[in-house]
$ cat work_38.cif   # mmCIF, C-alpha atoms and all ligand atoms
data_model
#
loop_
_atom_site.label_atom_id
_atom_site.label_comp_id
_atom_site.auth_asym_id
_atom_site.auth_seq_id
_atom_site.Cartn_x
_atom_site.Cartn_y
_atom_site.Cartn_z
CA MET J 405 -11.08 -46.78 -24.37
CA ARG J 406 -10.89 -43.46 -26.09
CA SER J 407 -11.98 -41.51 -23.01
CA LYS J 408 -9.35 -43.37 -20.95
CA MET J 409 -6.66 -42.31 -23.44
CA ASP J 410 -7.98 -38.76 -23.40
CA ARG J 411 -7.81 -38.70 -19.62
CA GLU J 412 -4.25 -39.99 -19.72
CA GLN J 413 -3.30 -37.32 -22.23
CA ILE J 414 -4.95 -34.64 -20.07
CA ARG J 415 -3.18 -36.00 -16.99
CA LYS J 416 0.18 -35.77 -18.75
CA GLU J 417 -0.55 -32.24 -19.98
CA LEU J 418 -1.54 -31.15 -16.49
CA ALA J 419 1.53 -32.78 -14.97
CA LEU J 420 3.72 -30.99 -17.50
CA GLN J 421 2.07 -27.64 -16.78
CA LEU J 422 2.32 -28.21 -13.04
CA GLU J 423 5.98 -29.16 -13.22
CA GLY J 424 6.58 -26.03 -15.28
CA GLU J 425 4.91 -23.88 -12.61
CA ILE J 426 6.89 -25.55 -9.85
CA GLY J 427 10.00 -25.10 -11.95
CA ARG J 428 9.34 -21.37 -12.02
CA GLY J 429 9.01 -21.37 -8.24
CA ILE J 430 5.23 -20.78 -8.13
CA ALA J 431 3.94 -22.16 -4.85
CA PHE J 432 0.16 -21.73 -4.81
CA TRP J 433 -2.67 -23.27 -6.77
CA ALA J 434 -6.37 -22.64 -7.00
CA ASP J 435 -8.00 -25.91 -6.10
CA GLU J 436 -7.39 -28.77 -3.73
CA GLU J 437 -6.82 -31.47 -6.33
CA TRP J 438 -4.22 -29.31 -7.99
CA ASN J 439 -2.70 -28.55 -4.59
CA ALA J 440 -2.45 -32.24 -3.77
CA ALA J 441 -0.76 -32.96 -7.10
CA ALA J 442 1.62 -30.07 -6.49
CA ARG J 443 2.50 -31.34 -3.02
CA ARG J 444 3.24 -34.80 -4.47
CA LEU J 445 5.48 -33.34 -7.12
CA LEU J 446 7.22 -31.07 -4.64
CA SER J 447 7.90 -33.98 -2.32
CA ARG J 448 8.65 -36.26 -5.31
CA GLN J 449 6.06 -38.78 -4.14
CA PRO J 450 4.17 -40.84 -6.71
CA ALA J 451 0.44 -40.25 -7.17
CA PRO J 452 -1.69 -42.98 -5.50
CA ALA J 453 -2.82 -44.41 -8.84
CA GLU J 454 0.78 -44.52 -10.01
CA SER J 455 2.33 -46.06 -6.92
CA ALA J 456 3.13 -49.38 -8.61
CA GLU J 457 4.82 -47.60 -11.48
CA PRO J 458 7.64 -45.09 -11.14
CA ARG J 459 6.83 -41.57 -12.35
CA GLU J 460 8.28 -40.55 -15.66
CA SER J 461 10.81 -38.21 -14.06
CA ALA J 462 11.80 -40.96 -11.59
CA ARG J 463 12.65 -43.26 -14.46
CA VAL J 464 15.49 -41.02 -15.56
CA ASP J 465 18.83 -42.49 -14.59
CA PRO J 466 20.67 -39.81 -12.57
CA LYS J 467 24.04 -41.10 -13.88
CA GLY J 468 23.18 -40.38 -17.46
CA PRO J 469 20.54 -40.37 -20.17
CA PRO J 470 18.71 -43.62 -20.77
CA THR J 471 19.52 -45.63 -23.84
CA GLU J 472 16.71 -45.11 -26.31
CA ALA J 473 15.63 -47.58 -28.90
CA PRO J 474 16.12 -46.31 -32.45
CA GLY J 475 13.11 -44.28 -33.55
CA ALA J 476 11.78 -43.90 -30.00
CA PRO J 477 10.31 -40.50 -29.17
CA ALA J 478 12.65 -38.09 -27.42
CA PRO J 479 12.26 -38.18 -23.64
CA ARG J 480 10.36 -35.31 -22.10
CA ARG J 481 12.70 -32.74 -20.62
CA THR J 482 12.11 -32.06 -16.97
CA PRO J 483 11.86 -28.28 -16.43
CA ARG J 484 14.69 -26.71 -14.51
CA ARG J 485 13.55 -26.03 -10.98
CA THR J 486 13.81 -22.73 -9.23
CA PRO J 487 14.47 -23.36 -5.54
CA ARG J 488 11.39 -22.59 -3.47
CA PRO J 489 12.00 -19.37 -1.59
CA GLN J 490 12.41 -19.66 2.14
CA PHE J 491 10.95 -16.94 4.34
CA GLY J 492 11.77 -16.05 7.90
CA PRO J 493 9.31 -14.63 10.41
CA PRO J 494 7.64 -11.47 9.08
CA PRO J 495 8.29 -8.07 10.65
CA LEU J 496 5.69 -6.81 13.09
CA ALA J 497 4.04 -3.42 12.91
CA THR J 498 5.72 -0.51 14.66
CA GLY J 499 5.10 3.22 14.99
CA ARG J 500 1.35 3.03 15.52
CA ASP J 501 -0.61 4.88 18.16
CA PRO J 502 -0.81 2.85 21.37
CA ASP J 503 -4.59 2.62 21.00
CA TRP J 504 -4.59 1.65 17.31
CA GLU J 505 -6.74 -1.42 17.91
CA ALA J 506 -9.32 0.67 19.75
CA GLN J 507 -9.27 3.15 16.87
CA LEU J 508 -9.96 0.34 14.39
CA ALA J 509 -12.74 -0.99 16.59
CA ALA J 510 -14.33 2.47 16.73
CA LEU J 511 -14.08 2.79 12.95
CA SER J 512 -15.70 -0.61 12.54
CA GLU J 513 -18.52 0.35 14.87
CA GLU J 514 -19.07 3.54 12.90
CA ALA J 515 -19.14 1.69 9.56
CA HIS J 516 -21.66 -0.79 10.92
CA GLN J 517 -24.05 2.11 11.56
CA CYS J 518 -23.25 3.86 8.29
CA VAL J 519 -26.04 5.02 6.00
CA LYS J 520 -23.97 7.46 3.95
CA CYS J 521 -24.81 5.83 0.62
CA ARG J 522 -27.59 3.74 -0.88
CA LEU J 523 -25.71 0.48 -0.35
CA HIS J 524 -26.84 0.36 3.27
CA GLU J 525 -30.34 -0.41 1.98
CA THR J 526 -29.35 -3.69 0.33
CA ARG J 527 -26.43 -4.96 2.42
CA ARG J 528 -26.83 -7.89 4.77
CA LYS J 529 -23.63 -7.23 6.73
CA VAL J 530 -21.05 -4.49 6.71
CA VAL J 531 -17.65 -5.89 5.78
CA VAL J 532 -14.87 -3.85 7.31
CA SER J 533 -11.84 -6.14 7.21
CA SER J 534 -10.24 -9.49 7.91
CA GLY J 535 -7.05 -10.16 9.86
CA SER J 536 -5.39 -8.59 12.86
CA GLY J 537 -2.95 -6.32 11.06
CA ARG J 538 -0.08 -7.23 13.41
CA VAL J 539 2.09 -7.63 10.28
CA PRO J 540 2.32 -4.23 8.54
CA LEU J 541 0.93 -5.39 5.19
CA VAL J 542 -2.53 -4.33 3.95
CA PHE J 543 -4.32 -5.98 1.05
CA ALA J 544 -6.94 -3.64 -0.39
CA SER J 545 -9.55 -4.65 -2.93
CA GLU J 546 -12.84 -3.51 -4.35
CA ALA J 547 -16.00 -4.48 -2.48
CA PRO J 548 -17.60 -7.41 -0.64
CA GLY J 549 -19.16 -10.18 -2.69
CA ALA J 550 -22.08 -12.43 -1.79
CA ASP J 551 -20.13 -14.64 0.64
CA GLU J 552 -18.62 -11.65 2.42
CA ASP J 553 -22.00 -9.92 2.59
CA ALA J 554 -23.43 -13.03 4.27
CA GLN J 555 -20.54 -13.56 6.71
CA GLY J 556 -19.42 -10.00 7.42
CA GLU J 557 -15.75 -10.74 6.76
CA ALA J 558 -13.56 -9.72 3.83
CA PHE J 559 -12.35 -12.32 1.31
CA VAL J 560 -14.07 -15.48 2.52
CA GLY J 561 -15.42 -16.69 -0.85
CA ARG J 562 -13.57 -18.73 -3.46
CA ALA J 563 -11.33 -15.81 -4.39
CA GLY J 564 -10.69 -15.31 -0.68
CA GLN J 565 -9.62 -18.93 -0.29
CA LEU J 566 -7.16 -18.45 -3.12
CA LEU J 567 -5.90 -15.25 -1.49
CA THR J 568 -5.30 -17.23 1.71
CA LYS J 569 -3.08 -19.62 -0.27
CA ILE J 570 -1.28 -16.77 -2.01
CA ILE J 571 -0.52 -15.15 1.33
CA ALA J 572 0.64 -18.49 2.76
CA ALA J 573 2.92 -18.99 -0.26
CA ILE J 574 4.99 -15.98 0.84
CA GLY J 575 5.30 -17.30 4.37
CA LEU J 576 2.50 -15.28 5.95
CA ASP J 577 -0.74 -16.13 7.71
CA ARG J 578 -3.81 -14.20 6.57
CA LYS J 579 -4.81 -13.82 10.21
CA ASP J 580 -1.73 -11.62 10.72
CA VAL J 581 -2.12 -9.23 7.78
CA TYR J 582 -5.03 -6.84 7.17
CA ILE J 583 -7.45 -7.35 4.30
CA CYS J 584 -10.07 -4.78 3.38
CA ASN J 585 -12.01 -3.21 0.54
CA VAL J 586 -12.70 0.27 -0.74
CA LEU J 587 -16.44 -0.28 -0.24
CA LYS J 588 -17.67 -1.76 3.02
CA CYS J 589 -21.08 -2.81 1.68
CA ARG J 590 -21.85 -5.06 -1.26
CA PRO J 591 -23.17 -3.45 -4.44
CA PRO J 592 -26.32 -5.42 -5.34
CA GLY J 593 -25.63 -8.20 -7.82
CA ASN J 594 -21.92 -7.33 -7.66
CA ARG J 595 -22.48 -4.40 -9.97
CA ASN J 596 -19.76 -1.82 -10.33
CA PRO J 597 -19.57 0.74 -7.54
CA MET J 598 -20.91 4.16 -8.42
CA ALA J 599 -18.88 7.33 -8.12
CA ASP J 600 -20.90 8.72 -5.19
CA GLU J 601 -20.60 5.40 -3.32
CA ILE J 602 -16.84 5.48 -3.75
CA GLU J 603 -16.72 9.06 -2.58
CA SER J 604 -18.81 8.23 0.52
CA CYS J 605 -16.87 5.13 1.50
CA THR J 606 -13.24 5.81 0.59
CA PRO J 607 -12.65 7.86 3.77
CA TYR J 608 -13.05 4.64 5.79
CA LEU J 609 -10.20 3.02 3.86
CA GLN J 610 -8.11 6.17 4.18
CA ARG J 611 -8.64 6.11 7.95
CA GLN J 612 -7.84 2.40 8.16
CA LEU J 613 -4.54 3.02 6.41
CA ALA J 614 -3.78 6.05 8.60
CA ILE J 615 -4.33 3.96 11.74
CA LEU J 616 -2.44 0.89 10.51
CA LYS J 617 0.57 2.76 9.09
CA PRO J 618 1.48 -0.28 6.94
CA ARG J 619 4.94 -0.79 5.60
CA LEU J 620 3.35 -1.84 2.33
CA ILE J 621 -0.04 -1.87 0.58
CA CYS J 622 -0.88 -4.51 -2.02
CA THR J 623 -3.91 -3.61 -4.11
CA LEU J 624 -5.87 -6.51 -5.57
CA GLY J 625 -7.37 -5.69 -8.93
CA LEU J 626 -7.84 -2.59 -10.98
CA PHE J 627 -10.50 -0.89 -8.91
CA ALA J 628 -8.64 -0.44 -5.60
CA THR J 629 -5.45 0.35 -7.49
CA GLN J 630 -7.07 3.13 -9.48
CA VAL J 631 -8.82 4.57 -6.43
CA LEU J 632 -5.69 4.70 -4.25
CA LEU J 633 -3.36 5.84 -7.02
CA GLU J 634 -5.93 8.10 -8.71
CA SER J 635 -4.77 6.50 -11.93
CA LYS J 636 -6.68 5.48 -15.03
CA ALA J 637 -3.99 3.12 -16.30
CA PRO J 638 -4.83 -0.57 -16.93
CA ILE J 639 -3.84 -3.11 -14.30
CA GLY J 640 -1.48 -4.85 -16.74
CA LYS J 641 0.60 -1.67 -16.85
CA LEU J 642 0.43 -1.04 -13.10
CA ARG J 643 1.04 -4.49 -11.63
CA GLY J 644 4.45 -5.59 -10.52
CA ARG J 645 5.66 -2.03 -10.00
CA VAL J 646 6.10 -0.04 -6.83
CA PHE J 647 4.10 3.16 -6.38
CA ARG J 648 3.40 5.22 -3.31
CA TYR J 649 0.19 6.08 -1.54
CA GLN J 650 0.72 8.87 1.01
CA GLY J 651 4.37 7.86 1.14
CA ILE J 652 3.59 4.15 1.69
CA PRO J 653 4.93 1.74 -0.97
CA LEU J 654 2.06 0.23 -2.98
CA VAL J 655 2.31 -2.82 -5.24
CA PRO J 656 -0.72 -3.55 -7.47
CA THR J 657 -1.50 -7.06 -8.60
CA TYR J 658 -4.41 -8.94 -10.14
CA HIS J 659 -7.54 -9.74 -8.16
CA PRO J 660 -7.67 -13.43 -7.13
CA ALA J 661 -11.03 -13.71 -8.94
CA ALA J 662 -9.21 -12.81 -12.16
CA LEU J 663 -6.72 -15.54 -11.38
CA LEU J 664 -9.50 -18.07 -11.00
CA ARG J 665 -10.79 -17.12 -14.43
CA ASN J 666 -7.38 -16.95 -16.05
CA PRO J 667 -4.69 -19.17 -14.48
CA ASN J 668 -2.15 -17.73 -16.92
CA LEU J 669 -1.98 -14.68 -14.63
CA LYS J 670 -0.55 -16.87 -11.87
CA ARG J 671 3.05 -16.28 -12.82
CA ASN J 672 2.60 -12.49 -12.72
CA VAL J 673 0.88 -12.67 -9.34
CA TRP J 674 3.62 -14.88 -7.97
CA GLU J 675 6.27 -12.39 -9.10
CA ASP J 676 4.26 -9.56 -7.53
CA MET J 677 3.97 -11.48 -4.27
CA LEU J 678 7.70 -12.09 -4.14
CA LEU J 679 8.16 -8.34 -4.58
CA VAL J 680 5.65 -7.71 -1.78
CA ARG J 681 7.50 -10.02 0.58
CA LYS J 682 10.86 -8.50 -0.35
CA ILE J 683 9.68 -4.97 0.39
CA LEU J 684 8.02 -6.14 3.60
CA ASP J 685 11.31 -7.67 4.76
CA GLU J 686 13.84 -5.23 3.35
CA GLY J 687 12.04 -1.97 2.65
CA LEU J 688 11.79 -0.21 -0.67
CA PRO J 689 14.87 -0.95 -2.81
CA ALA J 690 14.36 1.82 -5.38
CA PRO J 691 12.36 5.01 -5.88
CA ALA J 692 8.70 4.30 -6.50
CA VAL J 693 7.08 5.01 -9.86
CA PRO J 694 4.85 8.13 -9.91
CA ALA J 695 1.42 6.78 -10.89
CA GLU J 696 0.85 9.67 -13.29
CA GLU J 697 3.73 8.39 -15.40
CA VAL J 698 1.72 5.29 -16.37
CA PRO J 699 -0.46 6.19 -19.37
CA ALA J 700 -4.20 5.71 -19.07
CA ARG J 701 -5.91 3.30 -21.40
CA SER J 702 -8.66 5.77 -22.16
CA ALA J 703 -9.81 9.20 -21.10
CA LYS J 704 -12.97 7.76 -19.57
CA PRO J 705 -12.59 7.15 -15.82
CA ARG J 706 -12.40 3.44 -15.15
CA ILE J 707 -14.35 3.65 -11.90
CA GLU J 708 -17.37 5.02 -13.73
CA SER J 709 -17.50 2.66 -16.65
CA GLY J 710 -15.03 -0.20 -16.53
CA ASN J 711 -15.67 -3.85 -16.04
CA LEU J 712 -14.24 -4.90 -12.71
CA PHE J 713 -12.23 -8.04 -12.21
CA GLY J 714 -14.81 -9.32 -9.76
CA GLN J 715 -15.86 -9.22 -6.18
CA SER J 716 -13.94 -10.61 -3.27
S1 LIG W 1 -20.74 1.43 1.33
FE1 LIG W 1 -19.58 2.64 2.81
S2 LIG W 1 -20.50 4.69 2.69
FE2 LIG W 1 -21.98 3.26 1.78
S3 LIG W 1 -23.32 2.67 3.46
FE3 LIG W 1 -21.69 1.13 3.35
S4 LIG W 1 -20.14 1.83 4.83
FE4 LIG W 1 -21.50 3.58 4.38
#

$ encode --input "work_38.cif" --output "structure tokens"
Amino acid sequence: MRSKMDREQIRKELALQLEGEIGRGIAFWADEEWNAAARRLLSRQPAPAESAEPRESARVDPKGPPTEAPGAPAPRRTPRRTPRPQFGPPPLATGRDPDWEAQLAALSEEAHQCVKCRLHETRRKVVVSSGSGRVPLVFASEAPGADEDAQGEAFVGRAGQLLTKIIAAIGLDRKDVYICNVLKCRPPGNRNPMADEIESCTPYLQRQLAILKPRLICTLGLFATQVLLESKAPIGKLRGRVFRYQGIPLVPTYHPAALLRNPNLKRNVWEDMLLVRKILDEGLPAPAVPAEEVPARSAKPRIESGNLFGQS
């Protein structure tokens, strides 16, 4: 009996949290059960187990507040809903060399033969990218994880599945954007990349960006952000702001793996993604922040010593 009551309490708490997230306009969730609950709430359908009984919010009389018995607990307030943003078709890439796809293919071929750092000794597959890049938006992260190392494609693990949902939430298909990492080979055991590995591999990312000429770069997690911005500032200070890499607007946000560990970051990521989509559609609304203006957390370089948010 007690565990049934506990479950009911948990269900109510989760429903309240979910309604709050929907109310703030957040449109992606980490797991399928949560997604299904979100879809029901968004479409105002009752959950299967509740179909015989109207949902709490459905019991509210739209003509006025219900008459409460004296001493009855106050009715739960339904959070105010932010309308879900509607997105049109995304812009397509322009201004690239006519043979940009051949250039990317040549780069990929080169990386697959690469032995410039020790990571070639332990990798199973080289992971160059995911997505066609026909939409001029590049997501850049840290390094392949175990799933990517096995499959040879960026962001295919659990964090990758969440990234797919995040991208879909702003009206894009991950097949159309370009997803890549600073390192193309997995550091064994997902350890932090070493400085010489970063130095050896970063030119591949620089060349990818030069070929793709994206309208916008979104860095996922501290590592890629610090490498591209040459900043030592913490991700919490960098995210949600617009910087520039080689003149290209760059918006840092949290790594999806961090989001899986801490769902409270979801709201920040959602705000960052709305900013990404806005810049993709409309261009940069204001001057970008110079990265050197964001104070570093410590004098010690993050890429040598910090704890990364996790692998893709
Ligand atoms: S991590 Fe980069 S530099 Fe090192 S072997 Fe792989 S592709 Fe080459």

$ closest_atom_pairs --input "work_38.cif" --of "chain J" --to "ligand LIG 1 (chain W)" --cutoff "6 Å" --atoms "all atoms listed in the file" --output "Markdown table"
| residue | atom | partner | partner_atom | distance |
| --- | --- | --- | --- | --- |
| J:Ala515 | CA | W:LIG1 | S4 | 4.8 |
| J:Cys518 | CA | W:LIG1 | FE4 | 4.3 |
| J:Val519 | CA | W:LIG1 | S3 | 4.4 |
| J:Lys520 | CA | W:LIG1 | S2 | 4.6 |
| J:Cys521 | CA | W:LIG1 | FE2 | 4.0 |
| J:Leu523 | CA | W:LIG1 | S3 | 5.0 |
| J:His524 | CA | W:LIG1 | S3 | 4.2 |
| J:Leu587 | CA | W:LIG1 | S1 | 4.9 |
| J:Lys588 | CA | W:LIG1 | S4 | 4.7 |
| J:Cys589 | CA | W:LIG1 | S1 | 4.3 |
| J:Glu601 | CA | W:LIG1 | FE2 | 5.7 |
| J:Ser604 | CA | W:LIG1 | S2 | 4.5 |
| J:Cys605 | CA | W:LIG1 | S2 | 3.8 |

$ atom_distance --input "work_38.cif" --atom1 "CA of Pro487 in chain J" --atom2 "CA of Leu567 in chain J"
22.3 Å

$ residues_near_point --input "work_38.cif" --point "(-8.4, 8.3, -10.4)" --cutoff "10 Å" --atoms "all atoms listed in the file" --output "list in words"
Phe627, Ala628, Thr629, Gln630, Val631, Leu632, Leu633, Glu634, Ser635, Lys636, Ala637, Ala695, Glu696, Ala700, Pro705, Arg706 and Ile707 of chain J

$ closest_atom_pairs --input "work_38.cif" --of "range 644-701 of chain J" --to "range 538-545 of chain J" --cutoff "12 Å" --atoms "all atoms listed in the file" --output "CSV"
residue,atom,partner,partner_atom,distance
J:Ile652,CA,J:Leu541,CA,10.5
J:Pro653,CA,J:Leu541,CA,10.2
J:Leu654,CA,J:Val542,CA,9.5
J:Val655,CA,J:Phe543,CA,9.7
J:Pro656,CA,J:Ala544,CA,9.4
J:Thr657,CA,J:Phe543,CA,10.1
J:Tyr658,CA,J:Ser545,CA,9.8
J:His659,CA,J:Ser545,CA,7.6
J:Pro660,CA,J:Ser545,CA,9.9
J:Ala661,CA,J:Ser545,CA,11.0
J:Met677,CA,J:Phe543,CA,11.3
J:Val680,CA,J:Leu541,CA,8.7
J:Arg681,CA,J:Leu541,CA,9.3
J:Lys682,CA,J:Leu541,CA,11.8
J:Ile683,CA,J:Leu541,CA,10.0
J:Leu684,CA,J:Leu541,CA,7.3
J:Asp685,CA,J:Pro540,CA,10.3
J:Gly687,CA,J:Pro540,CA,11.6

$ atom_distance --input "work_38.cif" --atom1 "CA of Ala547 in chain J" --atom2 "CA of Pro591 in chain J"
7.5 Å

$ closest_residue --input "work_38.cif" --among "J:Val560, J:Leu511, J:Ala506, J:Leu422" --to "Leu609 in chain J" --atoms "only C-alpha atoms"
J:Leu511

$ atom_distance --input "work_38.cif" --atom1 "CA of Arg562 in chain J" --atom2 "CA of Pro667 in chain J"
14.2 Å

$ closest_residue --input "work_38.cif" --among "J:Leu679, J:Leu626, J:Val698, J:Leu688" --to "Lys641 in chain J" --atoms "all atoms listed in the file"
J:Val698

$ closest_residue --input "work_38.cif" --among "J:Ala510, J:Ile574, J:Val581, J:Leu613" --to "Ser536 in chain J" --atoms "only C-alpha atoms"
J:Val581

$ closest_residue --input "work_38.cif" --among "J:Ala419, J:Ile602, J:Leu566, J:Leu620" --to "Asn585 in chain J" --atoms "all atoms listed in the file"
J:Ile602

$ closest_residue --input "work_38.cif" --among "J:Val693, J:Val532, J:Ala563, J:Leu642" --to "Asn672 in chain J" --atoms "only C-alpha atoms"
J:Leu642

$ closest_residue --input "work_38.cif" --among "J:Leu678, J:Ile583, J:Ala573, J:Met598" --to "Pro618 in chain J" --atoms "all atoms listed in the file"
J:Ile583

$ axis_aligned_box --input "work_38.cif" --around "range 636-645 of chain J" --padding-each-side "6 Å" --output "JSON"
{"center_x": -0.5, "center_y": -0.1, "center_z": -13.5, "size_x": 24.3, "size_y": 23.1, "size_z": 18.9}

$ decode --input "work_38.cif" --residues "range 541-555 of chain J" --atoms "N, CA, C and O atoms" --output "mmCIF file, in the first residue's frame"
data_model
loop_
_atom_site.group_PDB
_atom_site.id
_atom_site.type_symbol
_atom_site.label_atom_id
_atom_site.label_comp_id
_atom_site.auth_asym_id
_atom_site.auth_seq_id
_atom_site.Cartn_x
_atom_site.Cartn_y
_atom_site.Cartn_z
ATOM 1 N N LEU J 541 25.119 24.768 -39.936
ATOM 2 C CA LEU J 541 25.254 24.748 -38.480
ATOM 3 C C LEU J 541 26.143 23.574 -38.099
ATOM 4 O O LEU J 541 25.846 22.426 -38.466
ATOM 5 N N VAL J 542 27.222 23.842 -37.372
ATOM 6 C CA VAL J 542 28.155 22.797 -36.939
ATOM 7 C C VAL J 542 28.086 22.672 -35.422
ATOM 8 O O VAL J 542 28.180 23.667 -34.701
ATOM 9 N N PHE J 543 27.869 21.459 -34.945
ATOM 10 C CA PHE J 543 28.009 21.151 -33.530
ATOM 11 C C PHE J 543 29.387 20.529 -33.335
ATOM 12 O O PHE J 543 29.725 19.551 -34.013
ATOM 13 N N ALA J 544 30.162 21.104 -32.427
ATOM 14 C CA ALA J 544 31.521 20.595 -32.184
ATOM 15 C C ALA J 544 31.654 20.208 -30.718
ATOM 16 O O ALA J 544 31.311 20.989 -29.829
ATOM 17 N N SER J 545 32.160 19.006 -30.491
ATOM 18 C CA SER J 545 32.333 18.542 -29.119
ATOM 19 C C SER J 545 33.757 18.055 -28.905
ATOM 20 O O SER J 545 34.670 18.459 -29.620
ATOM 21 N N GLU J 546 33.888 17.131 -27.963
ATOM 22 C CA GLU J 546 35.217 16.805 -27.447
ATOM 23 C C GLU J 546 35.905 15.659 -28.194
ATOM 24 O O GLU J 546 36.894 15.872 -28.897
ATOM 25 N N ALA J 547 35.376 14.459 -28.044
ATOM 26 C CA ALA J 547 36.048 13.270 -28.584
ATOM 27 C C ALA J 547 35.038 12.134 -28.672
ATOM 28 O O ALA J 547 34.018 12.151 -27.982
ATOM 29 N N PRO J 548 35.312 11.134 -29.496
ATOM 30 C CA PRO J 548 34.394 9.988 -29.550
ATOM 31 C C PRO J 548 34.388 9.236 -28.227
ATOM 32 O O PRO J 548 35.390 9.213 -27.512
ATOM 33 N N GLY J 549 33.243 8.632 -27.925
ATOM 34 C CA GLY J 549 33.134 7.724 -26.787
ATOM 35 C C GLY J 549 33.151 6.288 -27.300
ATOM 36 O O GLY J 549 33.457 6.028 -28.468
ATOM 37 N N ALA J 550 32.773 5.362 -26.420
ATOM 38 C CA ALA J 550 32.849 3.941 -26.775
ATOM 39 C C ALA J 550 31.928 3.598 -27.945
ATOM 40 O O ALA J 550 32.317 2.870 -28.865
ATOM 41 N N ASP J 551 30.696 4.104 -27.923
ATOM 42 C CA ASP J 551 29.751 3.785 -29.005
ATOM 43 C C ASP J 551 30.236 4.341 -30.336
ATOM 44 O O ASP J 551 30.129 3.686 -31.374
ATOM 45 N N GLU J 552 30.760 5.546 -30.304
ATOM 46 C CA GLU J 552 31.235 6.178 -31.540
ATOM 47 C C GLU J 552 32.465 5.447 -32.062
ATOM 48 O O GLU J 552 32.623 5.253 -33.271
ATOM 49 N N ASP J 553 33.336 5.042 -31.149
ATOM 50 C CA ASP J 553 34.549 4.307 -31.512
ATOM 51 C C ASP J 553 34.179 2.982 -32.192
ATOM 52 O O ASP J 553 34.854 2.521 -33.116
ATOM 53 N N ALA J 554 33.082 2.377 -31.728
ATOM 54 C CA ALA J 554 32.655 1.096 -32.316
ATOM 55 C C ALA J 554 31.972 1.302 -33.665
ATOM 56 O O ALA J 554 32.113 0.482 -34.573
ATOM 57 N N GLN J 555 31.235 2.400 -33.815
ATOM 58 C CA GLN J 555 30.426 2.584 -35.031
ATOM 59 C C GLN J 555 31.060 3.523 -36.049
ATOM 60 O O GLN J 555 30.622 3.573 -37.205
#
